[in-house]
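Engineer: One file is attached below, upload_28.txt, containing compact mmCIF, C-alpha atoms and all ligand atoms.
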# COMPACT_ATOMS: atom_id res chain seq x y z
CA MET A 626 114.04 101.23 126.18
CA PHE A 627 112.10 102.73 123.34
CA ASP A 628 113.59 105.31 121.05
CA PHE A 629 111.15 108.09 120.32
CA LYS A 630 111.06 111.78 119.47
CA LEU A 631 108.67 114.67 119.45
CA ASN A 632 105.73 114.13 117.08
CA ASP A 633 106.17 110.38 116.94
CA THR A 634 102.99 108.37 117.28
CA VAL A 635 102.95 105.80 120.06
CA ILE A 636 100.52 102.95 120.57
CA MET A 637 99.78 102.24 124.22
CA ARG A 638 98.71 98.98 125.84
CA LYS A 639 95.70 100.66 127.38
CA ALA A 640 93.31 102.61 125.17
CA HIS A 641 92.04 106.03 126.22
CA PRO A 642 88.39 106.16 127.30
CA CYS A 643 87.62 107.81 123.94
CA GLY A 644 88.65 104.56 122.24
CA SER A 645 91.96 105.59 120.72
CA ASP A 646 95.18 103.81 121.62
CA ARG A 647 97.33 106.21 119.60
CA TRP A 648 99.10 109.19 121.10
CA ILE A 649 101.37 111.89 119.74
CA VAL A 650 104.50 112.75 121.69
CA VAL A 651 104.33 116.47 122.51
CA ARG A 652 106.93 116.72 125.26
CA VAL A 653 110.02 114.73 126.11
CA GLY A 654 111.65 115.15 129.49
CA ALA A 655 111.41 113.68 132.96
CA ASP A 656 107.73 113.36 132.15
CA ILE A 657 106.42 112.45 128.73
CA GLY A 658 103.64 114.59 127.29
CA LEU A 659 101.19 112.77 125.07
CA ARG A 660 98.25 114.09 123.05
CA CYS A 661 95.50 111.61 122.37
CA ALA A 662 95.07 111.13 118.63
CA GLY A 663 91.36 110.51 119.16
CA CYS A 664 90.14 113.37 121.33
CA GLY A 665 93.15 115.68 121.60
CA ARG A 666 93.49 115.49 125.38
CA ILE A 667 97.01 115.94 126.68
CA ILE A 668 98.39 113.85 129.53
CA GLN A 669 101.79 113.72 131.16
CA ILE A 670 103.18 110.51 132.57
CA PRO A 671 106.55 109.67 134.12
CA HIS A 672 109.15 108.18 131.83
CA SER A 673 109.14 104.87 133.73
CA GLN A 674 105.39 104.48 133.40
CA PHE A 675 105.53 105.39 129.73
CA ASN A 676 108.07 102.63 129.08
CA LYS A 677 105.81 100.10 130.76
CA GLN A 678 102.69 101.12 128.86
CA VAL A 679 103.95 101.71 125.34
CA LYS A 680 103.40 98.93 122.85
CA ARG A 681 104.76 100.35 119.61
CA ILE A 682 106.39 103.51 118.25
CA LEU A 683 105.50 104.79 114.81
CA PRO A 684 108.26 107.20 113.84
CA HIS A 685 107.31 110.52 112.35
CA SER A 686 109.87 110.21 109.58
CA GLU A 687 108.09 108.79 106.55
CA ARG A 688 107.60 112.17 104.93
CA SER A 689 111.10 113.50 105.45
CA SER A 690 113.50 114.84 102.77
ZN ZN B 1 91.24 110.26 123.84
Translate the structure described by the file into structure tokens.
Ligand SMILES: [Zn+2]

Structural biologist:
Amino acid sequence: MFDFKLNDTVIMRKAHPCGSDRWIVVRVGADIGLRCAGCGRIIQIPHSQFNKQVKRILPHSERSS
């Protein structure tokens, strides 16, 4: 299981047709909402599929405090 939150950047195994493999988490629930960092398109995929396709999580925490 991956630990992720809203606004985290995730790197997926499969790149979007626009060429970007980075997505921003915009919704967390039964389905995961992801906005493509390349073209801005938003997709929603089931949690189980997300877990299979995600390669890496880049937490959105570097600029905190
Ligand atoms: Zn895209």

Engineer: Kindly provide, as JSON, numbers by chain, all nucleotide and amino acid residues lying within 9 Å of ligand ZN 1 (chain B), counting only C-alpha atoms and all ligand atoms.

Structural biologist: {"A": [640, 641, 642, 643, 644, 645, 646, 647, 648, 660, 661, 662, 663, 664, 665, 666, 667]}

Engineer: If I take atom CA of A:Arg652 and atom CA of A:Lys677, how far is one from the other in Å, to one decimal?

Structural biologist: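 A separation of 17.5 Å between them.
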
Engineer: Would you list the contacts of A:Gln674 as a PyMOL selection string, taking every protein, DNA or RNA residue within 12 Å and counting all atoms listed in the file, but skipping same-chain residues closer than 4 positions in sequence?

Structural biologist: chain A and resi 626+637-638+655-658+669-670+678-679

Engineer: For the atom pair atom CA of A:Ile649 and atom CA of A:Pro671, what is the interatomic distance in Å to one decimal place?

Structural biologist: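 Atom CA of A:Ile649 sits 15.4 Å away from atom CA of A:Pro671.
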
Engineer: Box for stretch 647-665 of chain A: with edges along x, y and z, all listed atoms inside and 6 Å added on each side, what are the centre and edge lengths in Å to one decimal, as AutoDock Vina command-line options?

Structural biologist:
--center_x 100.9 --center_y 111.5 --center_z 125.8 --size_x 33.5 --size_y 22.5 --size_z 26.3

Engineer: Just give me the gap between atom CA of A:Asn676 and atom CA of A:Val653 in Å, one decimal is fine.

Structural biologist: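 Interatomic distance here is 12.6 Å.
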